[in-house]
$ cat protein-v2.cif   # mmCIF, C-alpha atoms
data_run
#
loop_
_atom_site.label_atom_id
_atom_site.label_comp_id
_atom_site.auth_asym_id
_atom_site.auth_seq_id
_atom_site.Cartn_x
_atom_site.Cartn_y
_atom_site.Cartn_z
CA MET A 781 0.00 0.00 0.00
CA SER A 782 2.99 2.34 0.36
CA GLU A 783 2.92 2.99 -3.39
CA ALA A 784 -0.78 3.88 -3.34
CA LEU A 785 -2.10 7.41 -3.07
CA PRO A 786 -4.95 8.01 -0.65
CA PRO A 787 -8.34 8.80 -2.21
CA PHE A 788 -8.32 12.53 -3.07
CA GLN A 789 -11.14 13.25 -0.61
CA ARG A 790 -9.04 11.90 2.27
CA PHE A 791 -6.11 14.04 1.14
CA LEU A 792 -8.41 17.08 0.99
CA ASP A 793 -9.84 16.39 4.45
CA ALA A 794 -6.39 15.89 5.95
CA HIS A 795 -4.94 19.16 4.60
CA ARG A 796 -7.87 21.53 4.11
CA GLU A 797 -7.32 23.23 7.48
CA VAL A 798 -3.63 23.93 7.11
CA VAL A 799 -4.16 25.23 3.56
CA TRP A 800 -7.12 27.41 4.60
CA ARG A 801 -5.19 28.77 7.57
CA PHE A 802 -2.22 29.54 5.36
CA LEU A 803 -4.32 31.29 2.73
CA VAL A 804 -6.40 33.38 5.15
CA SER A 805 -3.14 34.72 6.57
CA ALA A 806 -1.31 35.05 3.26
CA VAL A 807 -4.01 36.62 1.04
CA GLY A 808 -6.85 37.51 3.42
CA ALA A 809 -10.26 35.99 4.09
CA THR A 810 -11.90 37.45 0.97
CA GLU A 811 -9.49 35.91 -1.51
CA ALA A 812 -8.83 32.75 0.47
CA GLU A 813 -11.80 30.92 -1.07
CA ASP A 814 -10.64 31.41 -4.68
CA CYS A 815 -7.06 30.52 -3.82
CA PHE A 816 -8.24 27.46 -1.88
CA GLN A 817 -10.22 26.18 -4.84
CA GLU A 818 -7.40 26.88 -7.30
CA THR A 819 -4.88 25.19 -5.01
CA PHE A 820 -6.84 21.97 -4.65
CA ILE A 821 -7.96 21.86 -8.28
CA ALA A 822 -4.31 22.18 -9.35
CA ALA A 823 -3.52 19.43 -6.84
CA LEU A 824 -6.33 17.25 -8.24
CA ARG A 825 -5.02 17.63 -11.80
CA ALA A 826 -1.50 16.59 -10.82
CA TYR A 827 -2.60 14.04 -8.24
CA PRO A 828 -2.34 10.70 -10.10
CA ARG A 829 1.13 11.66 -11.37
CA LEU A 830 2.41 11.74 -7.77
CA ARG A 831 2.44 7.95 -7.62
CA GLY A 832 6.00 6.80 -7.18
CA THR A 833 7.45 10.30 -6.65
CA ARG A 834 9.16 11.75 -3.60
CA GLU A 835 6.32 14.23 -3.05
CA ARG A 836 3.79 11.60 -2.11
CA HIS A 837 5.62 11.08 1.20
CA ASN A 838 4.93 14.66 2.22
CA LEU A 839 1.60 15.62 0.73
CA ARG A 840 1.21 18.49 3.18
CA ALA A 841 4.41 20.19 2.00
CA TRP A 842 3.39 19.47 -1.60
CA VAL A 843 -0.06 21.07 -1.35
CA LEU A 844 1.38 24.03 0.59
CA THR A 845 3.87 24.56 -2.26
CA ILE A 846 0.89 24.96 -4.57
CA ALA A 847 -0.91 27.23 -2.06
CA HIS A 848 2.24 29.35 -1.74
CA ARG A 849 2.35 29.80 -5.55
CA LYS A 850 -1.36 30.64 -5.70
CA SER A 851 -0.93 33.22 -2.95
CA ILE A 852 1.83 34.89 -4.98
CA ASP A 853 -0.47 34.90 -8.04
CA ALA A 854 -3.21 36.50 -5.94
CA HIS A 855 -0.89 39.25 -4.72
CA ARG A 856 0.25 39.93 -8.29
CA ALA A 857 -3.32 40.02 -9.57
CA ARG A 858 -4.28 42.44 -6.83
CA ALA A 859 -1.38 44.71 -7.73
CA ARG A 860 -2.46 44.64 -11.40
CA ARG A 861 -6.08 45.40 -10.53
CA ALA A 862 -4.99 48.37 -8.47
CA LEU A 863 -3.15 50.05 -11.38
CA PRO A 864 -5.88 51.86 -13.34
CA VAL A 865 -6.76 54.06 -10.36
CA GLU A 866 -6.41 57.79 -10.97
CA ASP A 867 -5.41 59.01 -7.56
CA PRO A 868 -1.67 58.24 -7.15
CA ALA A 869 -2.00 57.91 -3.41
CA GLN A 870 -4.65 55.27 -3.93
CA LEU A 871 -2.45 53.58 -6.51
CA GLN A 872 0.33 53.26 -3.99
CA ARG A 873 -2.07 51.79 -1.43
CA GLY A 874 -3.38 49.36 -4.03
CA ARG A 875 0.06 48.15 -4.88
CA ASP A 876 0.83 47.40 -1.27
CA ALA A 877 -2.67 46.33 -0.40
CA ALA A 878 -2.87 44.28 2.73
CA PRO A 879 -5.10 41.22 2.98
CA ALA A 880 -8.70 42.31 2.95
CA GLN A 881 -9.34 41.14 6.47
CA GLU A 882 -9.70 43.17 9.61
CA PRO A 883 -9.31 40.72 12.47
CA ARG A 884 -7.93 41.56 15.88
CA ASP A 885 -4.34 42.67 15.44
CA GLY A 886 -5.30 44.02 12.02
CA ALA A 887 -2.12 46.09 11.78
CA LEU A 888 0.10 43.07 12.26
CA TRP A 889 -1.70 41.04 9.60
CA SER A 890 -1.56 43.96 7.21
CA ALA A 891 2.19 44.00 7.80
CA VAL A 892 2.37 40.26 7.10
CA GLY A 893 0.54 40.86 3.82
CA GLU A 894 3.11 43.48 2.83
CA LEU A 895 6.15 41.25 3.34
CA PRO A 896 7.94 39.96 0.22
CA ALA A 897 6.40 36.69 -0.95
CA ARG A 898 9.00 34.30 0.41
CA GLN A 899 9.17 35.97 3.83
CA ARG A 900 5.41 36.14 4.02
CA SER A 901 5.01 32.46 3.26
CA ALA A 902 7.82 31.52 5.65
CA VAL A 903 6.22 33.46 8.51
CA VAL A 904 2.73 32.12 7.83
CA LEU A 905 3.88 28.54 7.34
CA ARG A 906 5.93 28.67 10.54
CA TYR A 907 3.40 30.28 12.86
CA VAL A 908 0.00 29.74 11.32
CA ALA A 909 0.51 26.31 9.75
CA ASP A 910 3.04 25.29 12.42
CA LEU A 911 5.42 23.70 9.93
CA PRO A 912 9.04 22.77 10.75
CA HIS A 913 11.78 24.55 8.78
CA ARG A 914 12.35 21.51 6.57
CA ASP A 915 8.72 21.58 5.35
CA ILE A 916 8.75 25.36 4.93
CA ALA A 917 11.80 24.98 2.71
CA ALA A 918 10.05 22.28 0.67
CA ALA A 919 6.88 24.37 0.35
CA ILE A 920 8.56 27.54 -0.88
CA GLY A 921 11.20 25.67 -2.87
CA CYS A 922 14.45 26.74 -1.22
CA SER A 923 17.10 25.32 1.11
CA GLU A 924 16.36 24.91 4.79
CA GLU A 925 18.97 27.57 5.55
CA ALA A 926 17.30 30.01 3.14
CA ALA A 927 13.94 29.27 4.75
CA ARG A 928 15.34 30.10 8.19
CA ARG A 929 16.79 33.31 6.80
CA SER A 930 13.49 34.35 5.19
CA LEU A 931 11.66 33.62 8.40
CA HIS A 932 14.16 35.62 10.42
CA GLU A 933 14.07 38.58 8.02
CA GLY A 934 10.29 38.51 7.98
CA LEU A 935 10.04 38.54 11.74
CA THR A 936 12.57 41.36 12.01
CA LYS A 937 10.57 43.45 9.56
CA LEU A 938 7.31 42.73 11.40
CA ARG A 939 8.86 43.78 14.69
CA GLY A 940 9.97 47.02 13.07
CA THR A 941 6.43 47.69 11.77
CA VAL A 942 4.57 46.74 14.91
CA ASN A 943 6.88 48.58 17.27
CA ALA A 944 6.98 51.67 15.09
CA MET B 89 20.01 28.80 15.10
CA SER B 90 17.19 27.58 17.30
CA GLU B 91 13.71 26.82 15.94
CA THR B 92 12.34 29.98 17.52
CA SER B 93 14.95 32.59 18.21
CA ASN B 94 12.78 34.62 20.58
CA ALA B 95 10.59 32.13 22.37
CA GLY B 96 8.99 34.62 24.73
CA ASP B 97 8.33 37.16 22.01
CA GLY B 98 4.81 38.59 22.04
CA LEU B 99 4.84 38.93 18.28
CA GLU B 100 5.38 35.22 17.76
CA TYR B 101 2.58 34.49 20.18
CA VAL B 102 0.17 36.67 18.24
CA LEU B 103 1.30 35.17 14.92
CA ARG B 104 0.85 31.68 16.24
CA ARG B 105 -2.67 32.47 17.40
CA GLY B 106 -3.56 33.42 13.85
CA GLY B 107 -5.79 36.27 12.75
CA GLU B 108 -9.12 34.58 13.29
CA ASP B 109 -11.04 32.55 15.75
CA GLU B 110 -9.91 28.92 15.82
CA ARG B 111 -13.34 27.34 15.51
CA ASP B 112 -14.38 29.71 12.72
CA LEU B 113 -11.29 28.69 10.76
CA ARG B 114 -12.09 25.02 11.11
CA GLU B 115 -15.69 25.50 9.97
CA GLN B 116 -14.66 27.74 7.09
CA ALA B 117 -12.11 25.17 5.90
CA SER B 118 -14.67 22.40 6.07
CA ALA B 119 -17.30 24.46 4.21
CA ALA B 120 -14.75 25.46 1.56
CA ALA B 121 -13.80 21.80 1.09
CA ARG B 122 -17.47 20.84 0.63
CA ARG B 123 -17.98 23.56 -2.00
CA LEU B 124 -14.79 22.43 -3.71
CA ALA B 125 -15.81 18.76 -3.83
CA ALA B 126 -19.23 19.70 -5.27
CA ARG B 127 -17.54 21.81 -7.94
CA ILE B 128 -15.06 19.06 -8.80
CA ALA B 129 -17.90 16.58 -9.25
CA GLY B 130 -20.05 19.12 -11.12
CA GLU B 131 -17.31 19.95 -13.61
CA GLY B 132 -16.33 16.30 -14.02
CA LEU B 133 -12.77 16.91 -12.81
CA ALA B 134 -12.62 13.68 -10.79
CA GLU B 135 -13.04 10.13 -12.10
CA LEU B 136 -15.13 9.08 -9.10
CA SER B 137 -17.72 10.52 -6.73
CA TYR B 138 -19.12 8.86 -3.64
CA SER B 139 -21.88 9.46 -1.15
CA TRP B 140 -23.97 7.63 1.44
CA LEU B 141 -27.44 6.47 0.43
CA ASP B 142 -30.33 5.78 2.80
CA SER B 143 -31.68 2.24 2.89
CA PRO B 144 -33.60 0.00 5.32
CA PHE B 145 -30.23 -1.72 5.94
CA GLY B 146 -28.55 1.52 7.00
CA ALA B 147 -26.30 3.85 5.02
CA LEU B 148 -24.93 2.32 1.83
CA LEU B 149 -21.68 3.70 0.47
CA ALA B 150 -22.22 4.35 -3.24
CA ALA B 151 -19.61 5.37 -5.82
CA SER B 152 -20.04 6.35 -9.44
CA THR B 153 -17.91 7.20 -12.47
CA SER B 154 -18.95 9.11 -15.57
CA HIS B 155 -20.27 5.76 -16.91
CA GLY B 156 -22.52 5.04 -13.95
CA LEU B 157 -22.76 3.42 -10.55
CA VAL B 158 -19.63 1.38 -9.97
CA ARG B 159 -19.84 0.28 -6.32
CA LEU B 160 -22.45 -0.16 -3.62
CA ALA B 161 -21.29 -1.28 -0.18
CA PHE B 162 -23.29 -2.54 2.78
CA PRO B 163 -22.88 -0.69 6.10
CA GLU B 164 -20.64 -3.42 7.57
CA GLU B 165 -17.99 -2.91 4.94
CA ASP B 166 -15.07 -0.71 5.96
CA ALA B 167 -15.74 2.48 3.98
CA GLU B 168 -12.10 3.57 4.00
CA ALA B 169 -11.03 0.18 2.63
CA VAL B 170 -13.70 0.41 -0.08
CA LEU B 171 -12.42 3.88 -1.07
CA ASP B 172 -8.80 2.67 -0.99
CA ALA B 173 -9.69 -0.16 -3.35
CA LEU B 174 -11.46 2.26 -5.72
CA ALA B 175 -8.46 4.59 -5.61
CA GLN B 176 -6.16 1.73 -6.57
CA ARG B 177 -8.30 0.00 -9.14
CA ILE B 178 -9.91 2.99 -10.89
CA SER B 179 -8.37 6.32 -9.89
CA PRO B 180 -7.29 8.17 -6.73
CA ARG B 181 -9.25 11.17 -8.01
CA ILE B 182 -12.33 10.53 -5.91
CA VAL B 183 -14.42 13.11 -4.03
CA GLU B 184 -17.46 13.02 -1.80
CA ALA B 185 -20.35 14.61 -3.65
CA ARG B 186 -24.08 14.09 -3.53
CA ALA B 187 -25.35 15.16 -6.95
CA PRO B 188 -23.85 12.30 -9.05
CA LEU B 189 -25.55 9.74 -6.76
CA GLU B 190 -29.01 11.36 -6.61
CA ARG B 191 -30.42 9.09 -9.29
CA ALA B 192 -29.19 5.95 -7.51
CA GLN B 193 -30.69 7.23 -4.26
CA ARG B 194 -34.05 7.86 -5.91
CA GLU B 195 -34.25 4.48 -7.64
CA LEU B 196 -33.19 2.59 -4.52
CA GLU B 197 -35.78 4.45 -2.47
CA GLU B 198 -38.50 3.50 -4.95
CA TYR B 199 -37.28 -0.09 -5.00
CA PHE B 200 -37.30 -0.41 -1.22
CA GLU B 201 -40.81 1.07 -1.10
CA GLY B 202 -41.97 -1.57 -3.60
CA ARG B 203 -42.63 1.04 -6.29
CA ARG B 204 -39.80 0.01 -8.62
CA ARG B 205 -39.18 -3.41 -10.17
CA THR B 206 -36.24 -2.66 -12.47
CA PHE B 207 -33.31 -0.32 -12.09
CA GLU B 208 -32.74 2.02 -14.97
CA LEU B 209 -29.68 3.83 -13.71
CA ALA B 210 -26.46 3.39 -15.70
CA LEU B 211 -23.90 0.96 -14.30
CA ASP B 212 -20.14 0.90 -14.68
CA TRP B 213 -18.84 -2.68 -14.82
CA ALA B 214 -15.20 -1.65 -14.43
CA LEU B 215 -14.68 -3.60 -11.20
CA ILE B 216 -16.08 -6.80 -12.69
CA GLY B 217 -13.71 -9.19 -14.48
CA ALA B 218 -14.46 -11.15 -17.65
CA PHE B 219 -15.94 -14.32 -16.14
CA ALA B 220 -17.79 -12.41 -13.41
CA ARG B 221 -19.19 -10.15 -16.09
CA ARG B 222 -20.86 -13.12 -17.77
CA VAL B 223 -22.18 -14.44 -14.44
CA LEU B 224 -23.44 -11.08 -13.24
CA GLY B 225 -24.77 -10.31 -16.71
CA VAL B 226 -27.04 -13.33 -16.48
CA THR B 227 -27.96 -12.35 -12.92
CA TYR B 228 -28.76 -8.79 -13.98
CA ARG B 229 -31.45 -10.17 -16.31
CA ILE B 230 -33.26 -12.26 -13.68
CA PRO B 231 -36.60 -10.45 -13.42
CA TYR B 232 -38.04 -9.02 -10.23
CA GLY B 233 -39.76 -11.78 -8.28
CA GLY B 234 -37.85 -14.53 -10.11
CA VAL B 235 -34.99 -16.74 -8.94
CA LEU B 236 -32.35 -18.97 -10.53
CA ASN B 237 -30.01 -21.48 -8.93
CA TYR B 238 -26.21 -21.35 -9.10
CA ALA B 239 -26.03 -24.09 -11.76
CA GLN B 240 -28.52 -22.26 -13.98
CA VAL B 241 -26.53 -19.05 -13.70
CA ALA B 242 -23.28 -20.89 -14.48
CA ALA B 243 -24.95 -22.48 -17.51
CA GLY B 244 -26.33 -19.12 -18.61
CA ALA B 245 -22.79 -17.74 -18.37
CA GLY B 246 -21.59 -20.46 -20.73
CA SER B 247 -19.76 -22.52 -18.08
CA PRO B 248 -22.28 -25.12 -16.89
CA ARG B 249 -19.72 -26.92 -14.70
CA ALA B 250 -18.52 -23.77 -12.98
CA SER B 251 -21.31 -23.24 -10.49
CA ARG B 252 -18.83 -22.86 -7.61
CA ALA B 253 -16.88 -20.19 -9.51
CA ALA B 254 -20.20 -18.57 -10.36
CA GLY B 255 -20.99 -18.53 -6.64
CA ASN B 256 -17.69 -16.78 -5.96
CA ALA B 257 -18.39 -14.18 -8.63
CA LEU B 258 -21.83 -13.57 -7.14
CA GLY B 259 -20.30 -13.26 -3.66
CA ALA B 260 -17.91 -10.59 -4.92
CA ASN B 261 -20.66 -8.59 -6.68
CA PRO B 262 -19.60 -4.93 -6.35
CA LEU B 263 -23.17 -3.75 -7.06
CA PRO B 264 -25.46 -5.80 -4.79
CA ILE B 265 -29.24 -5.11 -4.88
CA VAL B 266 -28.90 -3.39 -8.28
CA ILE B 267 -27.30 -6.48 -9.84
CA PRO B 268 -29.69 -8.81 -8.00
CA CYS B 269 -27.38 -11.58 -6.80
CA HIS B 270 -29.94 -12.15 -4.03
CA ARG B 271 -32.10 -13.80 -6.72
CA VAL B 272 -29.67 -16.71 -7.04
CA LEU B 273 -30.44 -19.62 -4.70
CA ARG B 274 -29.11 -23.11 -4.14
CA SER B 275 -30.84 -25.80 -6.20
CA GLY B 276 -33.71 -27.14 -4.09
CA GLY B 277 -34.51 -23.63 -2.90
CA ALA B 278 -32.15 -23.19 0.08
CA LEU B 279 -31.00 -19.57 0.32
CA GLY B 280 -27.30 -20.26 -0.28
CA GLY B 281 -24.96 -17.41 0.64
CA TYR B 282 -25.07 -13.62 0.60
CA ALA B 283 -22.28 -11.15 1.22
CA GLY B 284 -24.74 -8.77 2.85
CA GLY B 285 -26.02 -11.46 5.24
CA LEU B 286 -28.71 -14.12 4.73
CA GLU B 287 -31.33 -12.11 6.62
CA ARG B 288 -31.05 -9.39 4.04
CA LYS B 289 -31.22 -11.88 1.18
CA GLN B 290 -34.45 -13.23 2.63
CA TRP B 291 -35.77 -9.71 3.25
CA LEU B 292 -35.12 -8.71 -0.38
CA LEU B 293 -36.72 -11.87 -1.76
CA GLU B 294 -39.78 -11.32 0.44
CA LEU B 295 -39.99 -7.72 -0.71
CA GLU B 296 -40.07 -9.02 -4.28
CA GLY B 297 -42.58 -11.74 -3.43
CA ALA B 298 -40.18 -14.44 -4.62
CA LEU B 299 -40.32 -16.70 -1.58
CA GLU B 300 -44.02 -17.56 -1.19
CA ASP B 301 -44.23 -20.57 -3.50
CA GLY B 302 -40.57 -21.00 -4.39
CA ARG B 303 -38.68 -21.78 -1.22
CA SER B 304 -41.29 -22.86 1.33
CA GLY B 305 -42.95 -25.22 -1.15
CA ARG B 306 -39.93 -27.52 -1.44
#
$ encode --input "protein-v2.cif" --output "structure tokens"
Amino acid sequence: MSEALPPFQRFLDAHREVVWRFLVSAVGATEAEDCFQETFIAALRAYPRLRGTRERHNLRAWVLTIAHRKSIDAHRARARRALPVEDPAQLQRGRDAAPAQEPRDGALWSAVGELPARQRSAVVLRYVADLPHRDIAAAIGCSEEAARRSLHEGLTKLRGTVNA
Amino acid sequence: MSETSNAGDGLEYVLRRGGEDERDLREQASAAARRLAARIAGEGLAELSYSWLDSPFGALLAASTSHGLVRLAFPEEDAEAVLDALAQRISPRIVEARAPLERAQRELEEYFEGRRRTFELALDWALIGAFARRVLGVTYRIPYGGVLNYAQVAAGAGSPRASRAAGNALGANPLPIVIPCHRVLRSGGALGGYAGGLERKQWLLELEGALEDGRSGR
């Protein structure tokens, strides 16, 4: 059975929470739904091809890699959408738009949304998804050392913003 | 470098807690997954859908492909094992969705209420091998209220001396009730075997009115 992939529904049920949690923090509650669907539909398309590959041993890291890429796409799309605004001040805000959520600690999560993609994903994967550095590295496609560095840089920047 | 360089840091605590209420997140994730599975089934992105159907025997696990109903499992069967087998034999792209199984639910309901004598829903015979296909093909054509014995079914399948093998094929029927293997009895009228339990076999035959003169008379 080690070669077999679990039924997709079981895979979805096992990882839906960590992916949702990641996306709500990375792109905001409003866009999380679209990103969630795109993430798992991309996963579904590639799913049978995973048989016999290394990825099937860490399906969580694999699906979070996809979620990480979708979150970057969402940030890019948001930046593009914000361009045709006439007021330059608004344009600047659009470009740096924070996730469209206003939870408690709204300022902190806005700051998370403004981090560069790799730092943002590292921070969210570490603290929201509770992933070890090895899995963070796998999810964002870098070395473990680079993942630690991104996490560290992200945290430093957040401290600067929050304490400012 | 340690896993968390500033363990007592308030910032890390807040990050760890996440931006939203814990229970809300769990419910949102579960609702999003349900919407996703329905969309996947609706757009035909998965090879298989499954759902649980009501029956007098309890909840039956039912799975279908784009060709039709492919598997129906009694409540005693281990659902996860059934899904694992489907994932291996047909495709791991399988989601839980109601809509593709609505027709099966409706026809079964009518059957159990005595309002339906033949199933019209499409079947997928993918799980049924060549010999079993002949045996279950003969079985599928036994009319409501009728019975055959194992030897007759074997003969109908073109292998008159293979009644034991025919019995095995009937016992492994992946679509019980719909392919009516309960209509196959031992010669002389004894019930024989049934994967779903002999009580159910008897119940189904009584529902169809097949037992009155057949079994008790001999």
$ resolve_selection --input "protein-v2.cif" --expression "the PyMOL selection byres ((chain A) within 9 of (chain B))" --output "PyMOL selection string"
chain A and resi 784-790+792-793+796-801+804-805+813+816-817+820-821+824-825+827-828+881-886+888-889+903-904+906-910+912-913+928+932+935+938-939+942
$ resolve_selection --input "protein-v2.cif" --expression "the PyMOL selection byres ((chain B and resi 165) around 12)" --output "PDB file with C-alpha atoms, keeping the file's coordinate frame"
ATOM      1  CA  GLY B 146     -28.550   1.520   7.000  1.00  0.00           C
ATOM      2  CA  ALA B 147     -26.300   3.850   5.020  1.00  0.00           C
ATOM      3  CA  LEU B 148     -24.930   2.320   1.830  1.00  0.00           C
ATOM      4  CA  LEU B 149     -21.680   3.700   0.470  1.00  0.00           C
ATOM      5  CA  ALA B 150     -22.220   4.350  -3.240  1.00  0.00           C
ATOM      6  CA  ARG B 159     -19.840   0.280  -6.320  1.00  0.00           C
ATOM      7  CA  LEU B 160     -22.450  -0.160  -3.620  1.00  0.00           C
ATOM      8  CA  ALA B 161     -21.290  -1.280  -0.180  1.00  0.00           C
ATOM      9  CA  PHE B 162     -23.290  -2.540   2.780  1.00  0.00           C
ATOM     10  CA  PRO B 163     -22.880  -0.690   6.100  1.00  0.00           C
ATOM     11  CA  GLU B 164     -20.640  -3.420   7.570  1.00  0.00           C
ATOM     12  CA  ASP B 166     -15.070  -0.710   5.960  1.00  0.00           C
ATOM     13  CA  ALA B 167     -15.740   2.480   3.980  1.00  0.00           C
ATOM     14  CA  GLU B 168     -12.100   3.570   4.000  1.00  0.00           C
ATOM     15  CA  ALA B 169     -11.030   0.180   2.630  1.00  0.00           C
ATOM     16  CA  VAL B 170     -13.700   0.410  -0.080  1.00  0.00           C
ATOM     17  CA  LEU B 171     -12.420   3.880  -1.070  1.00  0.00           C
ATOM     18  CA  PRO B 262     -19.600  -4.930  -6.350  1.00  0.00           C
ATOM     19  CA  ALA B 283     -22.280 -11.150   1.220  1.00  0.00           C
ATOM     20  CA  GLY B 284     -24.740  -8.770   2.850  1.00  0.00           C
ATOM     21  CA  GLY B 285     -26.020 -11.460   5.240  1.00  0.00           C
TER      22      GLY B 285
END
$ atom_distance --input "protein-v2.cif" --atom1 "CA of Ile916 (chain A)" --atom2 "CA of Ala859 (chain A)"
25.2 Å
$ atom_distance --input "protein-v2.cif" --atom1 "CA of Asn943 (chain A)" --atom2 "CA of Arg900 (chain A)"
18.2 Å
$ atom_distance --input "protein-v2.cif" --atom1 "CA of Ala129 (chain B)" --atom2 "CA of His837 (chain A)"
26.3 Å
$ closest_atom_pairs --input "protein-v2.cif" --of "region 95-214 of chain B" --to "region 230-234 of chain B" --cutoff "12 Å" --atoms "only C-alpha atoms" --output "Markdown table"
| residue | atom | partner | partner_atom | distance |
| --- | --- | --- | --- | --- |
| B:Tyr199 | CA | B:Tyr232 | CA | 10.4 |
| B:Gly202 | CA | B:Tyr232 | CA | 10.7 |
| B:Arg203 | CA | B:Tyr232 | CA | 11.7 |
| B:Arg204 | CA | B:Tyr232 | CA | 9.3 |
| B:Arg205 | CA | B:Tyr232 | CA | 5.7 |
| B:Thr206 | CA | B:Tyr232 | CA | 7.0 |
| B:Phe207 | CA | B:Tyr232 | CA | 10.1 |
$ residues_around --input "protein-v2.cif" --residues "Lys289 (chain B)" --least-positions-apart "2" --cutoff "12 Å" --atoms "all atoms listed in the file" --output "ChimeraX atom specification"
/B:145,235,264-265,268-273,278-287,291-296,298-299
$ write_last_selection --input "protein-v2.cif" --atoms "C-alpha atoms" --output "JSON list (two decimals), in the coordinates of the input"
[["chain", "number", "residue", "atom", "x", "y", "z"],
["B", 145, "PHE", "CA", -30.23, -1.72, 5.94],
["B", 235, "VAL", "CA", -34.99, -16.74, -8.94],
["B", 264, "PRO", "CA", -25.46, -5.80, -4.79],
["B", 265, "ILE", "CA", -29.24, -5.11, -4.88],
["B", 268, "PRO", "CA", -29.69, -8.81, -8.00],
["B", 269, "CYS", "CA", -27.38, -11.58, -6.80],
["B", 270, "HIS", "CA", -29.94, -12.15, -4.03],
["B", 271, "ARG", "CA", -32.10, -13.80, -6.72],
["B", 272, "VAL", "CA", -29.67, -16.71, -7.04],
["B", 273, "LEU", "CA", -30.44, -19.62, -4.70],
["B", 278, "ALA", "CA", -32.15, -23.19, 0.08],
["B", 279, "LEU", "CA", -31.00, -19.57, 0.32],
["B", 280, "GLY", "CA", -27.30, -20.26, -0.28],
["B", 281, "GLY", "CA", -24.96, -17.41, 0.64],
["B", 282, "TYR", "CA", -25.07, -13.62, 0.60],
["B", 283, "ALA", "CA", -22.28, -11.15, 1.22],
["B", 284, "GLY", "CA", -24.74, -8.77, 2.85],
["B", 285, "GLY", "CA", -26.02, -11.46, 5.24],
["B", 286, "LEU", "CA", -28.71, -14.12, 4.73],
["B", 287, "GLU", "CA", -31.33, -12.11, 6.62],
["B", 291, "TRP", "CA", -35.77, -9.71, 3.25],
["B", 292, "LEU", "CA", -35.12, -8.71, -0.38],
["B", 293, "LEU", "CA", -36.72, -11.87, -1.76],
["B", 294, "GLU", "CA", -39.78, -11.32, 0.44],
["B", 295, "LEU", "CA", -39.99, -7.72, -0.71],
["B", 296, "GLU", "CA", -40.07, -9.02, -4.28],
["B", 298, "ALA", "CA", -40.18, -14.44, -4.62],
["B", 299, "LEU", "CA", -40.32, -16.70, -1.58]]
$ residues_around --input "protein-v2.cif" --residues "Ala250 (chain B)" --least-positions-apart "4" --cutoff "12 Å" --atoms "only C-alpha atoms" --output "ChimeraX atom specification"
/B:219-220,222-223,238-246,254-257
$ resolve_selection --input "protein-v2.cif" --expression "the PyMOL selection byres ((chain A and resi 917) around 12)" --output "PyMOL selection string"
chain A and resi 841-842+844-845+848+898-899+901-903+905-906+911-916+918-931
$ closest_residue --input "protein-v2.cif" --among "B:Val266, B:Leu236, B:Leu211, B:Ala126" --to "Arg186 (chain B)" --atoms "only C-alpha atoms"
B:Ala126
